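Pasting my_file.pdb here (PDB, C-alpha atoms):
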ATOM      1  CA  MET B1293      40.878 -16.626 -11.350
ATOM      2  CA  ASN B1294      40.930 -15.664 -15.023
ATOM      3  CA  ALA B1295      37.889 -14.869 -17.127
ATOM      4  CA  THR B1296      35.528 -17.805 -17.439
ATOM      5  CA  PRO B1297      33.860 -18.334 -20.848
ATOM      6  CA  LEU B1298      30.135 -18.839 -20.959
ATOM      7  CA  ALA B1299      28.561 -21.971 -22.341
ATOM      8  CA  THR B1300      26.702 -19.829 -24.906
ATOM      9  CA  THR B1301      27.996 -16.690 -26.608
ATOM     10  CA  ASP B1302      25.026 -15.638 -28.741
ATOM     11  CA  PRO B1303      25.510 -11.856 -29.197
ATOM     12  CA  GLN B1304      21.748 -11.396 -29.591
ATOM     13  CA  PRO B1305      20.190 -13.362 -26.721
ATOM     14  CA  PRO B1306      16.463 -13.974 -26.870
ATOM     15  CA  VAL B1307      14.254 -11.626 -24.895
ATOM     16  CA  PRO B1308      13.588 -13.293 -21.520
ATOM     17  CA  GLN B1309      10.099 -14.664 -21.102
ATOM     18  CA  ARG B1310       8.657 -12.986 -18.022
ATOM     19  CA  PRO B1311       6.323 -14.979 -15.765
ATOM     20  CA  ALA B1312       2.670 -14.030 -15.979
ATOM     21  CA  ARG B1313       2.640 -13.058 -12.307
ATOM     22  CA  SER B1314       3.387  -9.454 -11.318
ATOM     23  CA  TRP B1315       6.870  -8.621 -10.018
ATOM     24  CA  VAL B1316       5.245  -7.857  -6.652
ATOM     25  CA  ASP B1317       4.298 -11.525  -6.320
ATOM     26  CA  ARG B1318       7.761 -12.732  -7.359
ATOM     27  CA  VAL B1319       9.910 -10.896  -4.812
ATOM     28  CA  GLY B1320       8.472 -12.505  -1.698
ATOM     29  CA  ASP B1321       7.057 -10.905   1.396
ATOM     30  CA  ARG B1322       7.489  -7.109   1.223
ATOM     31  CA  ARG B1323       7.764  -5.404   4.589
ATOM     32  CA  ASP B1324       8.691  -2.024   6.070
ATOM     33  CA  TRP B1325      11.491  -1.431   8.563
ATOM     34  CA  VAL B1326      12.235   1.877  10.271
ATOM     35  CA  TRP B1327      15.909   2.805  10.177
ATOM     36  CA  ARG B1328      17.004   5.974  11.979
ATOM     37  CA  GLY B1329      13.444   7.255  11.769
ATOM     38  CA  TRP B1330      13.052   6.581   8.028
ATOM     39  CA  SER B1331      10.679   3.970   6.671
ATOM     40  CA  THR B1332      12.525   1.529   4.411
ATOM     41  CA  ARG B1333      11.195  -1.313   2.285
ATOM     42  CA  TYR B1334      12.628  -4.808   2.031
ATOM     43  CA  SER B1335      11.457  -8.184   0.783
ATOM     44  CA  PHE B1336      12.187 -11.722   1.887
ATOM     45  CA  LEU B1337      11.939 -15.297   0.637
ATOM     46  CA  PRO B1338      12.745 -17.896   3.320
ATOM     47  CA  GLY B1339      14.588 -20.513   1.256
ATOM     48  CA  PRO B1340      14.618 -24.240   2.072
ATOM     49  CA  ALA B1341      13.573 -25.410   5.516
ATOM     50  CA  VAL B1342      16.758 -27.481   5.963
ATOM     51  CA  ASN B1343      20.232 -27.694   4.426
ATOM     52  CA  GLY B1344      20.089 -24.250   2.881
ATOM     53  CA  GLY B1345      23.089 -22.170   1.912
ATOM     54  CA  PRO B1346      24.078 -18.814   3.405
ATOM     55  CA  PRO B1347      21.600 -15.929   3.217
ATOM     56  CA  ILE B1348      21.757 -13.672   0.175
ATOM     57  CA  LEU B1349      21.240  -9.908   0.402
ATOM     58  CA  LEU B1350      20.484  -8.087  -2.875
ATOM     59  CA  LEU B1351      21.381  -4.394  -3.372
ATOM     60  CA  HIS B1352      20.031  -2.549  -6.406
ATOM     61  CA  GLY B1353      21.692   0.211  -8.429
ATOM     62  CA  PHE B1354      20.917   3.879  -9.093
ATOM     63  CA  GLY B1355      17.251   4.627  -9.708
ATOM     64  CA  ALA B1356      16.304   1.023  -9.029
ATOM     65  CA  SER B1357      14.569  -0.927  -6.259
ATOM     66  CA  ILE B1358      13.552  -4.371  -5.052
ATOM     67  CA  GLY B1359      11.681  -4.812  -8.316
ATOM     68  CA  TYR B1360      14.967  -5.085 -10.223
ATOM     69  CA  TRP B1361      15.395  -8.554  -8.738
ATOM     70  CA  ARG B1362      12.021  -9.740 -10.064
ATOM     71  CA  SER B1363      13.601 -12.535 -12.113
ATOM     72  CA  ASN B1364      16.216 -13.636  -9.590
ATOM     73  CA  MET B1365      14.793 -13.952  -6.096
ATOM     74  CA  GLU B1366      12.708 -17.086  -6.561
ATOM     75  CA  ALA B1367      15.503 -18.861  -8.444
ATOM     76  CA  LEU B1368      18.002 -18.126  -5.672
ATOM     77  CA  ALA B1369      15.551 -18.950  -2.877
ATOM     78  CA  THR B1370      15.486 -22.620  -3.910
ATOM     79  CA  HIS B1371      18.709 -23.034  -1.909
ATOM     80  CA  HIS B1372      19.112 -19.835   0.142
ATOM     81  CA  PRO B1373      17.145 -17.357   2.226
ATOM     82  CA  VAL B1374      17.001 -14.229   0.062
ATOM     83  CA  TYR B1375      16.576 -10.609   1.131
ATOM     84  CA  ALA B1376      16.317  -7.520  -1.068
ATOM     85  CA  LEU B1377      16.544  -3.993   0.306
ATOM     86  CA  ASP B1378      15.369  -0.647  -1.037
ATOM     87  CA  LEU B1379      18.240   1.648  -0.127
ATOM     88  CA  VAL B1380      17.253   4.938   1.513
ATOM     89  CA  GLY B1381      16.499   7.421  -1.272
ATOM     90  CA  PHE B1382      15.241   4.757  -3.680
ATOM     91  CA  GLY B1383      12.260   2.510  -4.302
ATOM     92  CA  ALA B1384       9.608   2.523  -1.590
ATOM     93  CA  SER B1385      12.056   3.728   1.075
ATOM     94  CA  CYS B1386      12.024   7.302   2.398
ATOM     95  CA  LYS B1387      13.810   9.954   0.365
ATOM     96  CA  PRO B1388      15.298  12.305   2.974
ATOM     97  CA  SER B1389      17.776  15.125   2.486
ATOM     98  CA  VAL B1390      21.006  13.575   3.793
ATOM     99  CA  ALA B1391      24.654  13.188   2.786
ATOM    100  CA  TYR B1392      24.493  10.186   0.472
ATOM    101  CA  ASP B1393      27.484   7.984  -0.289
ATOM    102  CA  ALA B1394      28.476   4.312  -0.207
ATOM    103  CA  TYR B1395      29.428   4.542   3.467
ATOM    104  CA  PHE B1396      25.976   5.880   4.407
ATOM    105  CA  TRP B1397      24.234   3.017   2.623
ATOM    106  CA  ALA B1398      26.731   0.504   4.037
ATOM    107  CA  GLU B1399      25.590   1.568   7.515
ATOM    108  CA  GLN B1400      21.978   0.921   6.501
ATOM    109  CA  VAL B1401      22.942  -2.514   5.171
ATOM    110  CA  ARG B1402      24.870  -3.365   8.325
ATOM    111  CA  GLU B1403      21.998  -2.466  10.654
ATOM    112  CA  PHE B1404      19.555  -4.357   8.431
ATOM    113  CA  TRP B1405      21.837  -7.392   8.645
ATOM    114  CA  GLN B1406      22.093  -7.050  12.436
ATOM    115  CA  THR B1407      18.295  -6.816  12.738
ATOM    116  CA  PHE B1408      17.169  -9.573  10.367
ATOM    117  CA  ILE B1409      20.049 -11.850   9.324
ATOM    118  CA  GLY B1410      22.805 -12.062  11.930
ATOM    119  CA  VAL B1411      24.971 -14.705  10.197
ATOM    120  CA  PRO B1412      27.543 -14.238   7.417
ATOM    121  CA  ALA B1413      25.764 -13.564   4.127
ATOM    122  CA  VAL B1414      26.538 -13.238   0.436
ATOM    123  CA  VAL B1415      25.971  -9.632  -0.642
ATOM    124  CA  VAL B1416      25.026  -9.154  -4.296
ATOM    125  CA  GLY B1417      24.957  -5.707  -5.894
ATOM    126  CA  ASN B1418      24.358  -4.123  -9.279
ATOM    127  CA  SER B1419      26.098  -0.897 -10.333
ATOM    128  CA  ILE B1420      26.392   1.387  -7.287
ATOM    129  CA  GLY B1421      24.860  -1.476  -5.314
ATOM    130  CA  SER B1422      27.996  -3.483  -6.110
ATOM    131  CA  ALA B1423      30.215  -0.650  -4.840
ATOM    132  CA  ILE B1424      28.110  -0.617  -1.660
ATOM    133  CA  ALA B1425      28.418  -4.418  -1.348
ATOM    134  CA  LEU B1426      32.218  -4.173  -1.456
ATOM    135  CA  THR B1427      32.191  -1.224   0.953
ATOM    136  CA  VAL B1428      30.233  -3.415   3.372
ATOM    137  CA  ALA B1429      32.714  -6.265   2.878
ATOM    138  CA  GLU B1430      35.640  -4.001   3.747
ATOM    139  CA  CYS B1431      34.058  -2.072   6.618
ATOM    140  CA  TYR B1432      32.112  -4.935   8.226
ATOM    141  CA  PRO B1433      33.892  -8.180   7.297
ATOM    142  CA  GLU B1434      32.096 -10.183   9.981
ATOM    143  CA  MET B1435      28.836  -9.979   8.048
ATOM    144  CA  VAL B1436      30.010 -11.057   4.577
ATOM    145  CA  CYS B1437      31.148 -14.514   3.419
ATOM    146  CA  GLY B1438      31.089 -13.681  -0.292
ATOM    147  CA  ALA B1439      30.275 -10.832  -2.653
ATOM    148  CA  VAL B1440      28.898 -10.566  -6.171
ATOM    149  CA  ALA B1441      29.413  -7.374  -8.183
ATOM    150  CA  ILE B1442      27.370  -6.868 -11.350
ATOM    151  CA  SER B1443      28.753  -3.959 -13.422
ATOM    152  CA  LEU B1444      31.136  -2.417 -10.903
ATOM    153  CA  PRO B1445      31.879   1.337 -10.793
ATOM    154  CA  ASP B1446      34.990   2.820  -9.184
ATOM    155  CA  PRO B1447      34.390   6.532  -8.513
ATOM    156  CA  SER B1448      37.950   6.934  -7.212
ATOM    157  CA  MET B1449      39.259   6.451 -10.755
ATOM    158  CA  ARG B1450      37.843   9.764 -11.952
ATOM    159  CA  GLU B1451      41.020  11.568 -10.979
ATOM    160  CA  GLU B1452      43.090   9.043 -12.945
ATOM    161  CA  ILE B1453      40.901   9.243 -16.049
ATOM    162  CA  ILE B1454      40.729  13.067 -16.252
ATOM    163  CA  PRO B1455      44.062  14.691 -17.290
ATOM    164  CA  ARG B1456      45.408  16.908 -14.513
ATOM    165  CA  ALA B1457      45.404  20.026 -16.699
ATOM    166  CA  LEU B1458      41.719  19.549 -17.534
ATOM    167  CA  ARG B1459      40.445  18.797 -14.027
ATOM    168  CA  PRO B1460      39.506  22.406 -13.085
ATOM    169  CA  LEU B1461      37.515  22.774 -16.320
ATOM    170  CA  VAL B1462      35.793  19.392 -15.961
ATOM    171  CA  LEU B1463      34.938  19.990 -12.302
ATOM    172  CA  GLY B1464      33.572  23.434 -13.112
ATOM    173  CA  LEU B1465      31.349  22.070 -15.859
ATOM    174  CA  GLU B1466      30.149  19.283 -13.573
ATOM    175  CA  ALA B1467      29.282  21.783 -10.845
ATOM    176  CA  LEU B1468      27.185  23.746 -13.340
ATOM    177  CA  VAL B1469      25.438  20.721 -14.838
ATOM    178  CA  ALA B1470      24.865  19.156 -11.405
ATOM    179  CA  SER B1471      23.344  22.264  -9.834
ATOM    180  CA  PRO B1472      20.289  21.293  -7.746
ATOM    181  CA  TRP B1473      17.810  23.495  -9.607
ATOM    182  CA  LEU B1474      18.866  22.092 -12.979
ATOM    183  CA  LEU B1475      18.879  18.479 -11.834
ATOM    184  CA  GLN B1476      15.435  18.785 -10.290
ATOM    185  CA  ALA B1477      14.100  20.351 -13.485
ATOM    186  CA  VAL B1478      15.610  17.486 -15.483
ATOM    187  CA  PHE B1479      14.103  14.957 -13.069
ATOM    188  CA  TYR B1480      10.538  16.147 -13.681
ATOM    189  CA  GLY B1481      11.068  15.565 -17.396
ATOM    190  CA  VAL B1482      12.813  12.209 -17.333
ATOM    191  CA  ARG B1483      10.430  10.523 -14.910
ATOM    192  CA  ARG B1484       7.718  10.325 -17.584
ATOM    193  CA  PRO B1485       7.237   6.699 -18.742
ATOM    194  CA  ALA B1486       8.037   7.414 -22.407
ATOM    195  CA  VAL B1487      11.284   9.155 -21.460
ATOM    196  CA  VAL B1488      12.165   6.465 -18.897
ATOM    197  CA  ARG B1489      11.822   3.835 -21.606
ATOM    198  CA  ARG B1490      14.286   5.723 -23.835
ATOM    199  CA  TRP B1491      16.769   6.234 -20.988
ATOM    200  CA  ALA B1492      16.528   2.566 -20.022
ATOM    201  CA  GLY B1493      17.485   1.772 -23.606
ATOM    202  CA  LEU B1494      20.966   3.086 -22.778
ATOM    203  CA  ALA B1495      21.326   0.642 -19.897
ATOM    204  CA  TRP B1496      19.810  -2.481 -21.466
ATOM    205  CA  GLY B1497      21.828  -4.197 -24.176
ATOM    206  CA  ASP B1498      18.586  -5.125 -25.934
ATOM    207  CA  PRO B1499      15.946  -2.352 -25.749
ATOM    208  CA  GLY B1500      13.342  -4.966 -26.671
ATOM    209  CA  ALA B1501      13.774  -6.429 -23.185
ATOM    210  CA  ILE B1502      12.369  -3.247 -21.607
ATOM    211  CA  ASP B1503       8.829  -4.325 -20.843
ATOM    212  CA  PRO B1504       5.951  -2.276 -19.364
ATOM    213  CA  GLU B1505       6.523  -3.839 -15.945
ATOM    214  CA  LEU B1506      10.105  -2.550 -15.863
ATOM    215  CA  VAL B1507       8.948   0.949 -16.824
ATOM    216  CA  GLU B1508       6.463   0.806 -13.935
ATOM    217  CA  ILE B1509       9.212  -0.287 -11.524
ATOM    218  CA  LEU B1510      11.354   2.664 -12.604
ATOM    219  CA  THR B1511       8.694   5.367 -12.625
ATOM    220  CA  GLU B1512       6.586   4.614  -9.547
ATOM    221  CA  PRO B1513       9.183   5.713  -6.916
ATOM    222  CA  ALA B1514       9.819   8.910  -8.890
ATOM    223  CA  ARG B1515       6.364  10.159  -7.846
ATOM    224  CA  ASP B1516       7.224  10.033  -4.130
ATOM    225  CA  ARG B1517       7.577  13.129  -2.005
ATOM    226  CA  GLY B1518      11.161  14.349  -2.009
ATOM    227  CA  ALA B1519      12.147  12.236  -5.019
ATOM    228  CA  ALA B1520      13.367  15.177  -7.145
ATOM    229  CA  ARG B1521      15.518  16.620  -4.362
ATOM    230  CA  THR B1522      16.969  13.206  -3.553
ATOM    231  CA  PHE B1523      17.715  12.562  -7.231
ATOM    232  CA  ALA B1524      19.757  15.776  -7.372
ATOM    233  CA  GLN B1525      21.614  14.999  -4.131
ATOM    234  CA  ILE B1526      22.560  11.472  -5.193
ATOM    235  CA  ILE B1527      23.705  12.553  -8.668
ATOM    236  CA  ARG B1528      25.988  15.165  -7.088
ATOM    237  CA  ALA B1529      27.294  12.651  -4.534
ATOM    238  CA  MET B1530      28.113  10.087  -7.215
ATOM    239  CA  ALA B1531      30.261  12.652  -9.043
ATOM    240  CA  SER B1532      32.720  12.679  -6.128
ATOM    241  CA  SER B1533      35.813  10.485  -6.197
ATOM    242  CA  ARG B1534      35.179   9.940  -2.480
ATOM    243  CA  PHE B1535      31.721   8.458  -3.032
ATOM    244  CA  SER B1536      33.109   5.027  -2.110
ATOM    245  CA  PRO B1537      36.451   3.565  -1.073
ATOM    246  CA  PRO B1538      38.824   2.868  -3.988
ATOM    247  CA  ILE B1539      37.429  -0.371  -5.382
ATOM    248  CA  ARG B1540      40.727  -1.856  -6.508
ATOM    249  CA  ARG B1541      42.114  -1.319  -3.011
ATOM    250  CA  VAL B1542      39.064  -3.023  -1.530
ATOM    251  CA  LEU B1543      39.423  -6.033  -3.824
ATOM    252  CA  ASN B1544      43.078  -6.316  -2.916
ATOM    253  CA  HIS B1545      42.277  -6.091   0.817
ATOM    254  CA  ILE B1546      39.209  -8.240   1.461
ATOM    255  CA  GLN B1547      39.666 -11.973   2.025
ATOM    256  CA  ILE B1548      36.386 -13.337   0.681
ATOM    257  CA  PRO B1549      35.464 -14.864  -2.689
ATOM    258  CA  VAL B1550      34.162 -12.294  -5.197
ATOM    259  CA  LEU B1551      32.246 -12.946  -8.401
ATOM    260  CA  LEU B1552      32.364 -10.134 -10.982
ATOM    261  CA  LEU B1553      29.728 -10.205 -13.742
ATOM    262  CA  TRP B1554      29.680  -7.681 -16.589
ATOM    263  CA  GLY B1555      27.527  -7.313 -19.688
ATOM    264  CA  THR B1556      29.610  -7.022 -22.842
ATOM    265  CA  ARG B1557      27.187  -4.386 -24.201
ATOM    266  CA  ASP B1558      27.209  -2.207 -21.078
ATOM    267  CA  ARG B1559      27.127   1.431 -22.202
ATOM    268  CA  LEU B1560      26.871   3.018 -18.741
ATOM    269  CA  ILE B1561      30.066   1.452 -17.348
ATOM    270  CA  PRO B1562      31.846   0.186 -20.472
ATOM    271  CA  PHE B1563      32.779  -3.470 -20.474
ATOM    272  CA  ALA B1564      36.442  -2.624 -21.166
ATOM    273  CA  LEU B1565      36.687  -1.137 -17.650
ATOM    274  CA  SER B1566      36.135  -4.606 -16.191
ATOM    275  CA  GLN B1567      39.773  -5.397 -16.917
ATOM    276  CA  GLN B1568      40.959  -2.936 -14.276
ATOM    277  CA  PHE B1569      39.621  -5.327 -11.616
ATOM    278  CA  VAL B1570      40.722  -8.661 -13.063
ATOM    279  CA  GLY B1571      43.839  -9.701 -11.168
ATOM    280  CA  CYS B1572      43.155  -7.462  -8.152
ATOM    281  CA  SER B1573      42.455 -10.531  -6.041
ATOM    282  CA  PRO B1574      43.266 -14.234  -6.435
ATOM    283  CA  ARG B1575      39.786 -14.914  -5.050
ATOM    284  CA  LEU B1576      38.012 -12.916  -7.763
ATOM    285  CA  GLU B1577      36.248 -14.777 -10.556
ATOM    286  CA  PHE B1578      35.262 -12.758 -13.625
ATOM    287  CA  VAL B1579      32.553 -13.800 -16.086
ATOM    288  CA  PRO B1580      31.436 -11.673 -19.056
ATOM    289  CA  ILE B1581      27.753 -11.869 -19.970
ATOM    290  CA  GLU B1582      27.674 -11.839 -23.754
ATOM    291  CA  GLY B1583      25.126  -9.547 -25.376
ATOM    292  CA  ALA B1584      23.831  -8.055 -22.109
ATOM    293  CA  GLY B1585      24.044  -4.446 -20.965
ATOM    294  CA  HIS B1586      24.268  -2.793 -17.572
ATOM    295  CA  CYS B1587      21.695  -5.010 -15.809
ATOM    296  CA  PRO B1588      22.389  -8.574 -17.006
ATOM    297  CA  HIS B1589      20.523 -10.056 -14.037
ATOM    298  CA  ASP B1590      17.304  -8.630 -15.546
ATOM    299  CA  GLU B1591      18.217  -8.925 -19.232
ATOM    300  CA  ALA B1592      19.565 -12.477 -19.100
ATOM    301  CA  PRO B1593      18.200 -13.831 -15.810
ATOM    302  CA  ASP B1594      18.396 -17.509 -16.720
ATOM    303  CA  ARG B1595      22.114 -17.273 -17.483
ATOM    304  CA  VAL B1596      22.898 -15.065 -14.501
ATOM    305  CA  ASN B1597      20.862 -17.194 -12.091
ATOM    306  CA  ALA B1598      22.678 -20.312 -13.285
ATOM    307  CA  LEU B1599      26.065 -18.623 -12.835
ATOM    308  CA  LEU B1600      25.115 -17.432  -9.354
ATOM    309  CA  ARG B1601      23.939 -20.890  -8.281
ATOM    310  CA  GLN B1602      27.118 -22.527  -9.596
ATOM    311  CA  TRP B1603      29.328 -20.002  -7.831
ATOM    312  CA  LEU B1604      27.330 -20.282  -4.613
ATOM    313  CA  ASP B1605      27.657 -24.078  -4.748
ATOM    314  CA  ARG B1606      31.446 -23.739  -5.053
ATOM    315  CA  LEU B1607      31.433 -21.240  -2.209
ATOM    316  CA  GLY B1608      29.555 -23.722  -0.025
ATOM    317  CA  ARG B1609      31.901 -26.598  -0.876
ATOM    318  CA  SER B1610      34.930 -24.431  -0.077
ATOM    319  CA  ALA B1611      33.414 -23.468   3.275
ATOM    320  CA  ASP B1612      32.679 -27.114   4.075
ATOM    321  CA  ALA B1613      36.237 -28.123   3.186
ATOM    322  CA  ALA B1614      37.659 -25.331   5.349
ATOM    323  CA  GLY B1615      35.488 -26.474   8.254
ATOM    324  CA  GLU B1616      36.887 -29.987   8.026
ATOM    325  CA  LEU B1617      40.505 -28.813   8.343
TER     326      LEU B1617
END
As structure tokens - that is how I would like this structure written.
Amino acid sequence: MNATPLATTDPQPPVPQRPARSWVDRVGDRRDWVWRGWSTRYSFLPGPAVNGGPPILLLHGFGASIGYWRSNMEALATHHPVYALDLVGFGASCKPSVAYDAYFWAEQVREFWQTFIGVPAVVVGNSIGSAIALTVAECYPEMVCGAVAISLPDPSMREEIIPRALRPLVLGLEALVASPWLLQAVFYGVRRPAVVRRWAGLAWGDPGAIDPELVEILTEPARDRGAARTFAQIIRAMASSRFSPPIRRVLNHIQIPVLLLWGTRDRLIPFALSQQFVGCSPRLEFVPIEGAGHCPHDEAPDRVNALLRQWLDRLGRSADAAGEL
């Protein structure tokens, strides 16, 4: 499908009014699950007792956690069971020294799904979480009936973007900048709340939307044992063009509906890059989120929640129609 205009296009959306309750109380029942010997955190809201839609599994982006879905889980749980998972290396999950990439996290997601869900689900991701969601859809199609990508990176495009003659220089500079000792030193500086607030200002379209609760969500996991080492390992892994499968190939290959959401003020993955995915699949629907940055689900939750519910309703009607054939 072609781009779908929003009902409102105010370039300066109002700052969302956060509920008075803490994010901890708004993401459901938080529990721990041991995967391959590592403690991992997830949360769950059961959804309606009868006539509910397919389960939803939420996957956060880099440096994030379950808390990033603080303004979405309850809204989605009115019609669906909703799960959110702290990927290994992030949030309240363990931060081991392992080879991180989208395939590694896709294995975690698959085993979580096998353990707790067991029926086809809609996988929703933000940033690298969206790349992981599509990796899951390609590698384990039996577990996914739809996917939502919010600000979608494609690491495989690095080789296309960098001119061939400059690749040795760029790769050499990246190897220097991404050295473990330097990254860990940087980590100890940027995890301070005041610095986190400034860095988050690059991701959020409206820095005024960065509230103290969000700063807490970002900084608390950074105090965990092994967090600095894991930060360095993941940064280095994300610099590889083999971090995930080529996203355009995945979109062309998978046979499920995909919703692509992108903030028009995204500075981390520029909005213009969204056009590389439009047209990759006849089952892809693209909607720009005017005035939002890299995390529109947190910046403009009312609009994003409404879009998700509308798309999920259409997904359910399509599944019902297919079942009647």
Resolved residues for the PyMOL selection byres ((chain B and resi 1440) around 9) as a ChimeraX atom specification: /B:1414-1418,1422,1425-1426,1438-1439,1441-1442,1549-1553,1600
Shortest interatomic distance to Ser1610 in chain B - which of B:Cys1437, B:Val1380, B:Ile1561, B:Ala1531, counting only C-alpha atoms: B:Cys1437
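Closest to Ala1376 in chain B among B:Thr1407, B:Arg1402, B:Tyr1334, B:Ser1363 is B:Tyr1334, based on all atoms listed in the file.
Among B:Asn1364, B:Ser1331, B:Ser1389, B:Asn1343, the residue with the shortest atom-to-atom distance to Ala1520 in chain B, counting all atoms listed in the file, is B:Ser1389.
Across B:Leu1368, B:Cys1587, B:Ile1358, B:Ile1502, the tightest approach to Gly1344 in chain B is made by B:Leu1368 when counting only C-alpha atoms.
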Test item: the PyMOL selection byres ((chain B and resi 1323) around 12) resolved as a list in words: Val1316, Val1319, Gly1320, Asp1321, Arg1322, Asp1324, Trp1325, Val1326, Ser1331, Thr1332, Arg1333, Tyr1334, Ser1335, Phe1336, Leu1337, Ile1358, Tyr1375, Ala1376, Leu1377, Asp1378, Ala1384, Ser1385 and Phe1408 of chain B
Protein/DNA/RNA residues near (40.3, -16.7, -9.9), cut 12 Å, only C-alpha atoms, as a PDB file with C-alpha atoms, keeping the file's coordinate frame:
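File produced: result.pdb:
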ATOM      1  CA  MET B1293      40.878 -16.626 -11.350  1.00  0.00           C
ATOM      2  CA  ASN B1294      40.930 -15.664 -15.023  1.00  0.00           C
ATOM      3  CA  ALA B1295      37.889 -14.869 -17.127  1.00  0.00           C
ATOM      4  CA  THR B1296      35.528 -17.805 -17.439  1.00  0.00           C
ATOM      5  CA  ILE B1548      36.386 -13.337   0.681  1.00  0.00           C
ATOM      6  CA  PRO B1549      35.464 -14.864  -2.689  1.00  0.00           C
ATOM      7  CA  VAL B1550      34.162 -12.294  -5.197  1.00  0.00           C
ATOM      8  CA  LEU B1551      32.246 -12.946  -8.401  1.00  0.00           C
ATOM      9  CA  LEU B1552      32.364 -10.134 -10.982  1.00  0.00           C
ATOM     10  CA  PHE B1569      39.621  -5.327 -11.616  1.00  0.00           C
ATOM     11  CA  VAL B1570      40.722  -8.661 -13.063  1.00  0.00           C
ATOM     12  CA  GLY B1571      43.839  -9.701 -11.168  1.00  0.00           C
ATOM     13  CA  CYS B1572      43.155  -7.462  -8.152  1.00  0.00           C
ATOM     14  CA  SER B1573      42.455 -10.531  -6.041  1.00  0.00           C
ATOM     15  CA  PRO B1574      43.266 -14.234  -6.435  1.00  0.00           C
ATOM     16  CA  ARG B1575      39.786 -14.914  -5.050  1.00  0.00           C
ATOM     17  CA  LEU B1576      38.012 -12.916  -7.763  1.00  0.00           C
ATOM     18  CA  GLU B1577      36.248 -14.777 -10.556  1.00  0.00           C
ATOM     19  CA  PHE B1578      35.262 -12.758 -13.625  1.00  0.00           C
ATOM     20  CA  VAL B1579      32.553 -13.800 -16.086  1.00  0.00           C
ATOM     21  CA  TRP B1603      29.328 -20.002  -7.831  1.00  0.00           C
TER      22      TRP B1603
END
Shell around Gly1410 in chain B at 12 Å using only C-alpha atoms, local window under 3 positions removed, as number ranges by chain: B: 1346-1349, 1401-1407, 1413, 1434-1436
Could you tell me which residues the PyMOL selection byres ((chain B and resi 1538) around 8) returns for this structure, as a short mmCIF file (atom, residue, chain, number, x, y, z; two decimals) with C-alpha atoms, keeping the file's coordinate frame?
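Below is the file expr-v2.cif, written as the result:
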data_model
loop_
_atom_site.label_atom_id
_atom_site.label_comp_id
_atom_site.auth_asym_id
_atom_site.auth_seq_id
_atom_site.Cartn_x
_atom_site.Cartn_y
_atom_site.Cartn_z
CA ASP B 1446 34.99 2.82 -9.18
CA PRO B 1447 34.39 6.53 -8.51
CA SER B 1448 37.95 6.93 -7.21
CA MET B 1449 39.26 6.45 -10.76
CA SER B 1536 33.11 5.03 -2.11
CA PRO B 1537 36.45 3.56 -1.07
CA ILE B 1539 37.43 -0.37 -5.38
CA ARG B 1540 40.73 -1.86 -6.51
CA ARG B 1541 42.11 -1.32 -3.01
CA VAL B 1542 39.06 -3.02 -1.53
#
